[in-house]
Structures are given as C-alpha cells and as structure tokens.
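Q: File name upload_35.tsv; file contents TSV, C-alpha atoms and all ligand atoms; full text below.
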```tsv
chain	number	residue	atom	x	y	z
A	1	MET	CA	-4.59	8.44	-30.35
A	2	PRO	CA	-4.49	5.07	-32.07
A	3	ARG	CA	-7.47	2.74	-31.86
A	4	ALA	CA	-7.26	0.47	-28.81
A	5	VAL	CA	-6.61	-3.18	-29.63
A	6	LYS	CA	-6.31	-5.97	-27.08
A	7	PRO	CA	-2.66	-7.11	-26.87
A	8	SER	CA	-1.68	-10.40	-28.48
A	9	ARG	CA	0.25	-13.14	-26.69
A	10	LYS	CA	3.89	-12.12	-26.25
A	11	ARG	CA	6.95	-14.26	-25.97
A	12	ASP	CA	7.68	-13.02	-22.46
A	13	GLY	CA	4.02	-13.06	-21.45
A	14	ARG	CA	2.76	-15.16	-18.54
A	15	LEU	CA	0.81	-18.34	-19.14
A	16	GLY	CA	-1.47	-17.73	-16.18
A	17	PRO	CA	-2.01	-15.48	-13.19
A	18	PRO	CA	1.01	-15.00	-10.90
A	19	GLN	CA	0.63	-16.63	-7.50
A	20	GLY	CA	-1.65	-14.70	-5.20
A	21	TYR	CA	-3.04	-12.61	-8.02
A	22	PRO	CA	-6.59	-12.61	-9.45
A	23	LYS	CA	-7.58	-15.45	-11.74
A	24	ASP	CA	-9.91	-13.22	-13.75
A	25	PRO	CA	-8.10	-11.94	-16.88
A	26	ASP	CA	-10.31	-8.88	-16.78
A	27	LYS	CA	-8.35	-7.69	-13.74
A	28	TYR	CA	-5.27	-7.18	-15.91
A	29	ALA	CA	-4.63	-4.28	-18.26
A	30	ASP	CA	-2.90	-6.83	-20.53
A	31	PRO	CA	-5.18	-9.87	-20.10
A	32	ALA	CA	-3.57	-12.02	-22.83
A	33	ASN	CA	-0.25	-12.02	-20.97
A	34	TRP	CA	-1.53	-11.68	-17.37
A	35	LYS	CA	0.39	-8.45	-16.98
A	36	TYR	CA	-0.36	-5.12	-15.33
A	37	PRO	CA	-2.86	-6.25	-12.70
A	38	VAL	CA	-5.21	-3.42	-11.75
A	39	HIS	CA	-7.40	-5.04	-9.08
A	40	THR	CA	-6.44	-2.67	-6.25
A	41	PRO	CA	-5.60	1.05	-6.16
A	42	PHE	CA	-1.98	0.16	-5.47
A	43	HIS	CA	-1.68	-2.24	-8.34
A	44	ALA	CA	-3.34	0.25	-10.65
A	45	ARG	CA	-0.84	2.88	-9.59
A	46	ALA	CA	2.07	0.48	-9.96
A	47	ALA	CA	0.79	-0.51	-13.41
A	48	ARG	CA	0.69	3.15	-14.36
A	49	ARG	CA	4.29	3.64	-13.24
A	50	TYR	CA	5.64	0.55	-14.99
A	51	PHE	CA	3.75	1.16	-18.16
A	52	ASN	CA	5.06	4.69	-18.35
A	53	GLU	CA	8.52	3.28	-18.85
A	54	PRO	CA	9.48	3.21	-22.55
A	55	ARG	CA	11.24	-0.17	-22.23
A	56	ASN	CA	7.92	-1.72	-21.19
A	57	ARG	CA	5.81	0.14	-23.74
A	58	VAL	CA	7.92	-0.83	-26.74
A	59	LYS	CA	6.87	-4.46	-26.36
A	60	TYR	CA	3.45	-3.46	-27.65
A	61	THR	CA	2.10	-1.89	-30.82
A	62	PRO	CA	0.68	1.65	-30.50
A	63	GLU	CA	-2.83	0.15	-30.65
A	64	GLU	CA	-2.03	-2.30	-27.86
A	65	GLN	CA	-0.48	0.48	-25.81
A	66	ALA	CA	-3.71	2.45	-26.17
A	67	TYR	CA	-5.64	-0.57	-24.86
A	68	ILE	CA	-3.41	-1.00	-21.80
A	69	ASP	CA	-3.40	2.74	-21.10
A	70	LYS	CA	-7.17	2.78	-21.26
A	71	LYS	CA	-7.57	-0.14	-18.87
A	72	ILE	CA	-5.12	1.29	-16.34
A	73	ASN	CA	-6.73	4.72	-16.48
A	74	GLU	CA	-10.21	3.26	-16.09
A	75	ALA	CA	-9.06	1.35	-13.01
A	76	LEU	CA	-7.44	4.44	-11.50
A	77	GLU	CA	-10.62	6.39	-12.12
A	78	ARG	CA	-12.76	3.66	-10.61
A	79	PHE	CA	-10.64	3.70	-7.45
A	80	GLY	CA	-10.75	7.48	-7.32
A	81	VAL	CA	-7.02	7.81	-7.64
A	82	ALA	CA	-6.28	11.29	-8.84
A	83	VAL	CA	-3.74	11.11	-11.60
A	84	LYS	CA	-1.82	14.27	-12.21
A	85	ILE	CA	0.12	14.47	-15.40
A	86	ARG	CA	2.83	17.04	-16.00
A	87	ASP	CA	5.17	16.97	-19.00
A	88	GLY	CA	3.74	13.59	-19.94
A	89	LYS	CA	4.76	12.11	-16.59
A	90	ILE	CA	2.50	10.94	-13.82
A	91	GLU	CA	3.01	12.81	-10.59
A	92	ASP	CA	2.41	11.10	-7.29
A	93	GLU	CA	0.12	13.04	-5.07
A	94	ALA	CA	2.09	14.75	-2.32
A	95	GLY	CA	1.55	13.46	1.16
A	96	THR	CA	0.56	9.93	0.22
A	97	ILE	CA	2.63	6.95	1.21
A	98	GLN	CA	4.16	6.67	-2.25
A	99	ALA	CA	5.78	10.04	-1.87
A	100	ASP	CA	7.84	9.29	1.19
A	101	VAL	CA	8.37	5.58	1.45
A	102	PRO	CA	11.90	4.67	2.53
A	103	LEU	CA	14.07	2.27	0.59
A	104	ASN	CA	13.70	-1.41	1.41
A	105	LYS	CA	17.15	-1.59	3.00
A	106	ASP	CA	16.19	1.18	5.41
A	107	ILE	CA	12.89	-0.35	6.46
A	108	ASP	CA	14.65	-2.95	8.61
A	109	ARG	CA	16.31	-0.22	10.63
A	110	MET	CA	13.18	1.79	11.29
A	111	THR	CA	11.69	1.91	14.76
A	112	PHE	CA	8.04	1.25	15.54
A	113	GLU	CA	7.42	4.97	15.88
A	114	GLU	CA	9.12	5.82	12.58
A	115	LEU	CA	7.13	3.14	10.80
A	116	LEU	CA	3.87	4.43	12.25
A	117	LEU	CA	4.79	7.91	11.14
A	118	VAL	CA	5.15	6.75	7.53
A	119	PHE	CA	1.72	5.15	7.62
A	120	LEU	CA	-0.10	7.81	9.58
A	121	GLY	CA	1.63	11.12	9.05
A	122	THR	CA	2.21	13.57	11.91
A	123	ASN	CA	-1.39	14.61	12.56
A	124	ARG	CA	-2.92	11.15	12.54
A	125	LEU	CA	-0.12	9.80	14.69
A	126	ALA	CA	-0.89	12.47	17.29
A	127	SER	CA	-4.61	11.58	17.09
A	128	ALA	CA	-3.79	7.89	17.48
A	129	LYS	CA	-1.86	8.63	20.66
A	130	GLY	CA	-4.83	10.61	21.90
A	131	ILE	CA	-7.17	7.61	21.77
A	132	ASP	CA	-7.93	6.27	25.25
A	133	LEU	CA	-6.37	2.82	25.53
A	134	SER	CA	-9.46	1.56	27.36
A	135	SER	CA	-11.40	1.88	24.08
A	136	VAL	CA	-8.92	-0.40	22.31
A	137	SER	CA	-9.26	-4.17	22.65
A	138	VAL	CA	-7.27	-7.01	21.15
A	139	ASP	CA	-9.28	-10.24	20.72
A	140	LYS	CA	-6.77	-12.26	18.81
A	141	GLU	CA	-3.02	-11.93	18.61
A	142	THR	CA	-1.43	-14.88	16.85
A	143	ASP	CA	1.44	-14.99	14.37
A	144	THR	CA	-0.92	-14.81	11.44
A	145	LEU	CA	-4.07	-13.15	12.73
A	146	LEU	CA	-4.62	-9.95	14.68
A	147	SER	CA	-8.07	-8.70	15.44
A	148	GLY	CA	-9.85	-6.41	17.83
A	149	ARG	CA	-11.84	-3.24	18.21
A	150	VAL	CA	-11.12	0.45	18.53
A	151	LYS	CA	-14.16	2.35	19.79
A	152	ASP	CA	-17.01	1.12	17.55
A	153	TYR	CA	-14.77	-0.06	14.74
A	154	THR	CA	-13.33	-3.47	14.00
A	155	VAL	CA	-9.78	-4.25	12.95
A	156	ARG	CA	-8.67	-7.48	11.34
A	157	ILE	CA	-5.16	-8.10	10.03
A	158	ASP	CA	-4.53	-11.41	8.32
A	159	ARG	CA	-0.87	-11.93	7.44
A	160	GLN	CA	-1.51	-15.18	5.62
A	161	GLU	CA	-4.10	-13.64	3.31
A	162	LYS	CA	-2.20	-10.33	3.30
A	163	ARG	CA	-5.38	-8.53	4.14
A	164	LEU	CA	-6.16	-5.62	6.43
A	165	GLU	CA	-9.81	-4.92	7.15
A	166	HIS	CA	-11.15	-1.93	9.00
A	167	ASP	CA	-14.42	-0.05	8.78
A	168	CYS	CA	-14.09	3.63	9.62
A	169	VAL	CA	-14.81	6.39	7.12
A	170	ASP	CA	-11.32	7.90	7.16
A	171	PHE	CA	-9.76	4.55	6.25
A	172	ARG	CA	-12.33	3.82	3.56
A	173	THR	CA	-12.07	7.14	1.81
A	174	ASN	CA	-8.33	7.63	2.01
A	175	ARG	CA	-6.84	4.22	1.27
A	176	ALA	CA	-7.52	4.78	-2.44
A	177	VAL	CA	-5.15	7.72	-2.46
A	178	GLY	CA	-2.44	5.84	-0.62
A	179	ARG	CA	-3.17	6.73	3.00
A	180	LEU	CA	-3.19	3.25	4.34
A	181	MET	CA	-3.93	3.89	7.99
A	182	CYS	CA	-6.10	5.95	10.27
A	183	LYS	CA	-5.82	6.87	13.95
A	184	HIS	CA	-7.75	3.74	14.99
A	185	LEU	CA	-5.30	1.40	13.28
A	186	GLY	CA	-2.48	3.38	14.86
A	187	ALA	CA	-4.01	2.97	18.33
A	188	PHE	CA	-4.61	-0.74	17.71
A	189	LEU	CA	-1.00	-1.30	16.69
A	190	MET	CA	0.21	0.52	19.80
A	191	ARG	CA	-1.71	-1.96	21.96
A	192	LEU	CA	0.04	-4.97	20.40
A	193	ASP	CA	3.22	-6.64	21.51
A	194	ARG	CA	5.81	-4.11	20.31
A	195	PRO	CA	8.31	-6.39	18.50
A	196	LYS	CA	5.42	-8.18	16.80
A	197	ALA	CA	3.81	-4.91	15.73
A	198	THR	CA	7.14	-3.61	14.44
A	199	ARG	CA	7.66	-6.74	12.34
A	200	LEU	CA	4.15	-6.41	10.97
A	201	LEU	CA	4.63	-2.77	9.99
A	202	ARG	CA	7.91	-3.54	8.22
A	203	GLU	CA	6.20	-6.31	6.33
A	204	LEU	CA	3.25	-4.07	5.44
A	205	LEU	CA	5.52	-1.33	4.21
A	206	ARG	CA	7.73	-3.62	2.17
A	207	GLU	CA	4.89	-5.62	0.66
A	208	ARG	CA	2.19	-2.98	0.56
A	209	ASP	CA	1.52	-3.60	-3.14
A	210	HIS	CA	0.62	-7.20	-2.37
A	211	TRP	CA	-1.72	-6.44	0.51
A	212	THR	CA	-5.40	-5.72	0.27
A	213	PHE	CA	-6.65	-2.89	2.44
A	214	GLU	CA	-10.42	-2.79	2.78
B	301	ZN	ZN	-10.18	4.07	11.46
```
In structure tokens, write the structure found in this file.

A:
Amino acid sequence: MPRAVKPSRKRDGRLGPPQGYPKDPDKYADPANWKYPVHTPFHARAARRYFNEPRNRVKYTPEEQAYIDKKINEALERFGVAVKIRDGKIEDEAGTIQADVPLNKDIDRMTFEELLLVFLGTNRLASAKGIDLSSVSVDKETDTLLSGRVKDYTVRIDRQEKRLEHDCVDFRTNRAVGRLMCKHLGAFLMRLDRPKATRLLRELLRERDHWTFE
C-alpha cells in the first residue's frame, strides 16, 4: 500500500462545502476539495461506493487514494458499519435498507404500507402494528415538524432540518447499519394523517442520504 498523502486541490474540486453539508473539512475524506463527506453512516457508505469506482479513483495519485480510503474506512469503523469485501468489492449487508431500496421512479407509486415495509422489514412492521394506539401521541403535526411520544420514547421529525430524532435502543444501535426505523417510529407514522405520512416516507426514502437519523 502506498503512503497516504492528503489530496491536493483538483480542477474539478469544490471551493467550499456543498449546501447543507458540514463546514468542517475534517468531515470529508478529501478535505482539500470538499469531496466524499463522511459525517454520517450513510455518507460514509456512499463515499465508499463512489470511491470504489475507477473513474473517481483515477483523479487521484495512489498516495492520495490511500489517504481517502483510510479516511472513509476510519469513518465506517467509527460508525460500526460492517464492511464486507469480496473480490475487491464492497458488499452491502443483506437486509439493510441499501439492499432493497426501490428505484426513485418507483417510490412515487408506493403505498404507505409498502414504504413502511421498506423501512421496517416484515417483523418490525408486525411489531409496529401490535403497539397499542393509546400509547402513541402526536404533539405537533405541521408541514415541517412532527413530534410526539410512543410509550416512553420521543419522536421528532424535522423536514426543514432533514432530521429524525428518536431515543430507543433498537433505533440507536441499528441505524448505523442502515435500519432506519424501529417499531415505535412505525407506530408513530401510522397515527399521522395518512397522505402526509406517505409524502414524508417517500421524501425520507428518496433523500435518505441527506437526512440525519439520531
Ligand atoms: Zn424505537
């Protein structure tokens, strides 16, 4: 492996952080060009996928490639994302959202139930339906902000900030591996106005790489 050297400025590099992305260069695997952001598990995974493509790698010297690889891998490790490599290619873990996400053009045709199934999987969807609706409350339901409680847990979904906050153990431990929802979030979404919840899920699915789940 070549020695890792921080990439130099490239002709097609960015002059600053893209809108909505971190302003700290350290959150990028290529800090000089503001490329390959690795501030969330999803971005780290996306960075890994993009940087595996030869047409992206060739823009860098072998030493710079080693630097970017190192930063992406460190981020993945930090987030606890298991990276499986077979034949030099990264394999997505089976059963996570990455493995069975529909194409963008199909997302608009999906029903509420189908969307929930993508986020929850069969077992969690069944558990979500099993939650007594009396333990689910919605405090706020505006176009941009949805918040409430499910049992002892809080839920807060901010569409403006593209941020979903929830505090149960299942959600916390599994979001790093691409399971973005738990039974509580499922139950919460079922309590919402259905067309609004459907729009939100489509948006979440389409733009999941730009959302923060924590
Ligand atoms: Zn939960």

Q: Compare A:Tyr60, A:Phe112, A:Phe42, A:Phe51 by their minimum atom-to-atom distance to Gly13 of chain A, counting all atoms listed in the file, and give me the closest one.

A: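 Checking each candidate against Gly13 of chain A, we get A:Tyr60 as the closest.
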
Q: In Å to one decimal, how far is atom CA of Asn174 of chain A from atom CA of Pro195 of chain A?

A: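 About the pair atom CA of Pro195 of chain A and atom CA of Asn174 of chain A: they are 27.3 Å apart.
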
Q: Near Phe79 of chain A, within 12 Å and counting only C-alpha atoms, which residues show up once chain neighbours fewer than 6 positions away are dropped, as a PyMOL selection string?

A: chain A and resi 38-45+72-73+172-178

Q: Could you write out that same residue set with C-alpha atoms as a PDB file, in the coordinates of the input?

A:
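The new file result-v2.pdb reads:
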```
ATOM      1  CA  VAL A  38      -5.210  -3.420 -11.750  1.00  0.00           C
ATOM      2  CA  HIS A  39      -7.400  -5.040  -9.080  1.00  0.00           C
ATOM      3  CA  THR A  40      -6.440  -2.670  -6.250  1.00  0.00           C
ATOM      4  CA  PRO A  41      -5.600   1.050  -6.160  1.00  0.00           C
ATOM      5  CA  PHE A  42      -1.980   0.160  -5.470  1.00  0.00           C
ATOM      6  CA  HIS A  43      -1.680  -2.240  -8.340  1.00  0.00           C
ATOM      7  CA  ALA A  44      -3.340   0.250 -10.650  1.00  0.00           C
ATOM      8  CA  ARG A  45      -0.840   2.880  -9.590  1.00  0.00           C
ATOM      9  CA  ILE A  72      -5.120   1.290 -16.340  1.00  0.00           C
ATOM     10  CA  ASN A  73      -6.730   4.720 -16.480  1.00  0.00           C
ATOM     11  CA  ARG A 172     -12.330   3.820   3.560  1.00  0.00           C
ATOM     12  CA  THR A 173     -12.070   7.140   1.810  1.00  0.00           C
ATOM     13  CA  ASN A 174      -8.330   7.630   2.010  1.00  0.00           C
ATOM     14  CA  ARG A 175      -6.840   4.220   1.270  1.00  0.00           C
ATOM     15  CA  ALA A 176      -7.520   4.780  -2.440  1.00  0.00           C
ATOM     16  CA  VAL A 177      -5.150   7.720  -2.460  1.00  0.00           C
ATOM     17  CA  GLY A 178      -2.440   5.840  -0.620  1.00  0.00           C
TER      18      GLY A 178
END
```

Q: Which residues sit within 6 Å of ligand ZN 301 (chain B), counting all atoms listed in the file, listed as a compact mmCIF listing (two decimals) with C-alpha atoms, keeping the file's coordinate frame?

A:
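What ended up in out30.txt:
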```txt
# COMPACT_ATOMS: atom_id res chain seq x y z
CA CYS A 168 -14.09 3.63 9.62
CA ASP A 170 -11.32 7.90 7.16
CA PHE A 171 -9.76 4.55 6.25
CA CYS A 182 -6.10 5.95 10.27
CA LYS A 183 -5.82 6.87 13.95
CA HIS A 184 -7.75 3.74 14.99
CA LEU A 185 -5.30 1.40 13.28
```

Q: For atom CA of Ala66 of chain A and atom CA of Ala4 of chain A, quote the distance in Å rounded to one decimal.

A: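 Answer for the atom CA of Ala66 of chain A to atom CA of Ala4 of chain A separation: 4.8 Å.
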
Q: Which one of A:Asp106, A:Arg179, A:Gln19, A:Arg194 sits closest to Phe119 of chain A if you count all atoms listed in the file?

A: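 Ranked by minimum distance to Phe119 of chain A, first place goes to A:Arg179.
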
Q: Looking at all atoms listed in the file, which of A:Ala126, A:Met1, A:Ala187, A:Leu205 is the one that sits closest to Lys162 of chain A?

A: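 Of A:Ala126, A:Met1, A:Ala187, A:Leu205, the one nearest Lys162 of chain A, counting all atoms listed in the file, is A:Leu205.
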
Q: Need the shell around Thr122 of chain A: protein/DNA/RNA residues with any atom at most 12 Å away, counting only C-alpha atoms. Skip same-chain ones fewer than 4 positions apart. Format as a PDB file with C-alpha atoms, in the coordinates of the input?

A:
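Final output, result21.pdb:
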```pdb
ATOM      1  CA  GLY A  95       1.550  13.460   1.160  1.00  0.00           C
ATOM      2  CA  GLU A 113       7.420   4.970  15.880  1.00  0.00           C
ATOM      3  CA  GLU A 114       9.120   5.820  12.580  1.00  0.00           C
ATOM      4  CA  LEU A 115       7.130   3.140  10.800  1.00  0.00           C
ATOM      5  CA  LEU A 116       3.870   4.430  12.250  1.00  0.00           C
ATOM      6  CA  LEU A 117       4.790   7.910  11.140  1.00  0.00           C
ATOM      7  CA  VAL A 118       5.150   6.750   7.530  1.00  0.00           C
ATOM      8  CA  ALA A 126      -0.890  12.470  17.290  1.00  0.00           C
ATOM      9  CA  SER A 127      -4.610  11.580  17.090  1.00  0.00           C
ATOM     10  CA  ALA A 128      -3.790   7.890  17.480  1.00  0.00           C
ATOM     11  CA  LYS A 129      -1.860   8.630  20.660  1.00  0.00           C
ATOM     12  CA  CYS A 182      -6.100   5.950  10.270  1.00  0.00           C
ATOM     13  CA  LYS A 183      -5.820   6.870  13.950  1.00  0.00           C
ATOM     14  CA  GLY A 186      -2.480   3.380  14.860  1.00  0.00           C
TER      15      GLY A 186
END
```

Q: From the list A:Leu125, A:Ala32, A:Leu145, A:Met110, which residue is nearest Leu192 of chain A when using all atoms listed in the file?

A: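 Looking at the shortest contact to Leu192 of chain A, the residue is A:Leu145.
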
Q: Rounded to one decimal, what separation in Å do you get between atom CA of Leu120 of chain A and atom CA of Met181 of chain A?

A: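 We find that atom CA of Leu120 of chain A and atom CA of Met181 of chain A lie 5.7 Å from each other.
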
Q: Export segment 26-58 of chain A of the preceding structure, keeping N, CA and C atoms, as a compact mmCIF listing (two decimals), in the first residue's frame.

A:
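Output file out-v4.txt is given in full below:
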```txt
# COMPACT_ATOMS: atom_id res chain seq x y z
N ASP A 26 -12.56 18.44 8.06
CA ASP A 26 -12.20 17.14 8.60
C ASP A 26 -13.30 16.10 8.40
N LYS A 27 -14.50 16.57 8.06
CA LYS A 27 -15.62 15.64 7.85
C LYS A 27 -15.65 15.11 6.41
N TYR A 28 -14.62 15.41 5.66
CA TYR A 28 -14.54 14.95 4.27
C TYR A 28 -13.31 14.05 4.09
N ALA A 29 -13.46 12.98 3.35
CA ALA A 29 -12.31 12.11 3.10
C ALA A 29 -11.31 12.81 2.18
N ASP A 30 -11.80 13.73 1.34
CA ASP A 30 -10.92 14.59 0.54
C ASP A 30 -11.18 16.04 0.98
N PRO A 31 -10.50 16.48 2.03
CA PRO A 31 -10.80 17.80 2.61
C PRO A 31 -10.43 18.96 1.68
N ALA A 32 -9.38 18.80 0.87
CA ALA A 32 -8.92 19.91 0.03
C ALA A 32 -9.96 20.27 -1.04
N ASN A 33 -10.77 19.29 -1.42
CA ASN A 33 -11.75 19.52 -2.48
C ASN A 33 -13.20 19.38 -1.99
N TRP A 34 -13.36 19.28 -0.67
CA TRP A 34 -14.70 19.14 -0.06
C TRP A 34 -15.48 18.00 -0.70
N LYS A 35 -14.79 16.88 -0.89
CA LYS A 35 -15.45 15.73 -1.50
C LYS A 35 -15.45 14.54 -0.56
N TYR A 36 -16.37 13.62 -0.81
CA TYR A 36 -16.52 12.41 -0.01
C TYR A 36 -16.77 12.72 1.46
N PRO A 37 -17.92 13.40 1.73
CA PRO A 37 -18.28 13.65 3.13
C PRO A 37 -18.54 12.33 3.86
N VAL A 38 -18.06 12.26 5.09
CA VAL A 38 -18.20 11.01 5.86
C VAL A 38 -18.75 11.29 7.26
N HIS A 39 -19.65 12.30 7.36
CA HIS A 39 -20.13 12.70 8.68
C HIS A 39 -21.28 11.86 9.22
N THR A 40 -21.88 11.04 8.40
CA THR A 40 -22.93 10.13 8.89
C THR A 40 -22.63 8.74 8.33
N PRO A 41 -23.22 7.70 8.94
CA PRO A 41 -23.02 6.35 8.40
C PRO A 41 -23.39 6.26 6.92
N PHE A 42 -24.47 6.96 6.56
CA PHE A 42 -24.91 6.86 5.16
C PHE A 42 -23.95 7.53 4.20
N HIS A 43 -23.44 8.68 4.63
CA HIS A 43 -22.48 9.35 3.75
C HIS A 43 -21.19 8.55 3.65
N ALA A 44 -20.79 7.95 4.76
CA ALA A 44 -19.57 7.14 4.73
C ALA A 44 -19.75 5.96 3.77
N ARG A 45 -20.93 5.37 3.83
CA ARG A 45 -21.20 4.24 2.92
C ARG A 45 -21.25 4.71 1.46
N ALA A 46 -21.88 5.85 1.25
CA ALA A 46 -21.97 6.37 -0.11
C ALA A 46 -20.56 6.70 -0.62
N ALA A 47 -19.75 7.30 0.26
CA ALA A 47 -18.37 7.64 -0.12
C ALA A 47 -17.63 6.37 -0.53
N ARG A 48 -17.83 5.32 0.25
CA ARG A 48 -17.18 4.04 -0.07
C ARG A 48 -17.60 3.54 -1.46
N ARG A 49 -18.89 3.63 -1.75
CA ARG A 49 -19.37 3.17 -3.05
C ARG A 49 -18.79 4.00 -4.19
N TYR A 50 -18.86 5.32 -4.04
CA TYR A 50 -18.38 6.20 -5.13
C TYR A 50 -16.88 6.05 -5.33
N PHE A 51 -16.18 5.95 -4.20
CA PHE A 51 -14.73 5.92 -4.35
C PHE A 51 -14.23 4.54 -4.80
N ASN A 52 -15.10 3.58 -4.82
CA ASN A 52 -14.72 2.28 -5.39
C ASN A 52 -14.74 2.31 -6.92
N GLU A 53 -15.38 3.34 -7.47
CA GLU A 53 -15.47 3.39 -8.92
C GLU A 53 -14.18 3.93 -9.52
N PRO A 54 -13.59 3.15 -10.45
CA PRO A 54 -12.31 3.54 -11.05
C PRO A 54 -12.31 4.96 -11.60
N ARG A 55 -13.43 5.40 -12.23
CA ARG A 55 -13.43 6.72 -12.84
C ARG A 55 -13.27 7.83 -11.79
N ASN A 56 -13.65 7.55 -10.55
CA ASN A 56 -13.44 8.53 -9.49
C ASN A 56 -12.04 8.42 -8.89
N ARG A 57 -11.54 7.21 -8.81
CA ARG A 57 -10.22 6.98 -8.21
C ARG A 57 -9.09 7.58 -9.05
N VAL A 58 -9.25 7.48 -10.39
CA VAL A 58 -8.14 7.90 -11.26
C VAL A 58 -7.82 9.39 -11.16
```
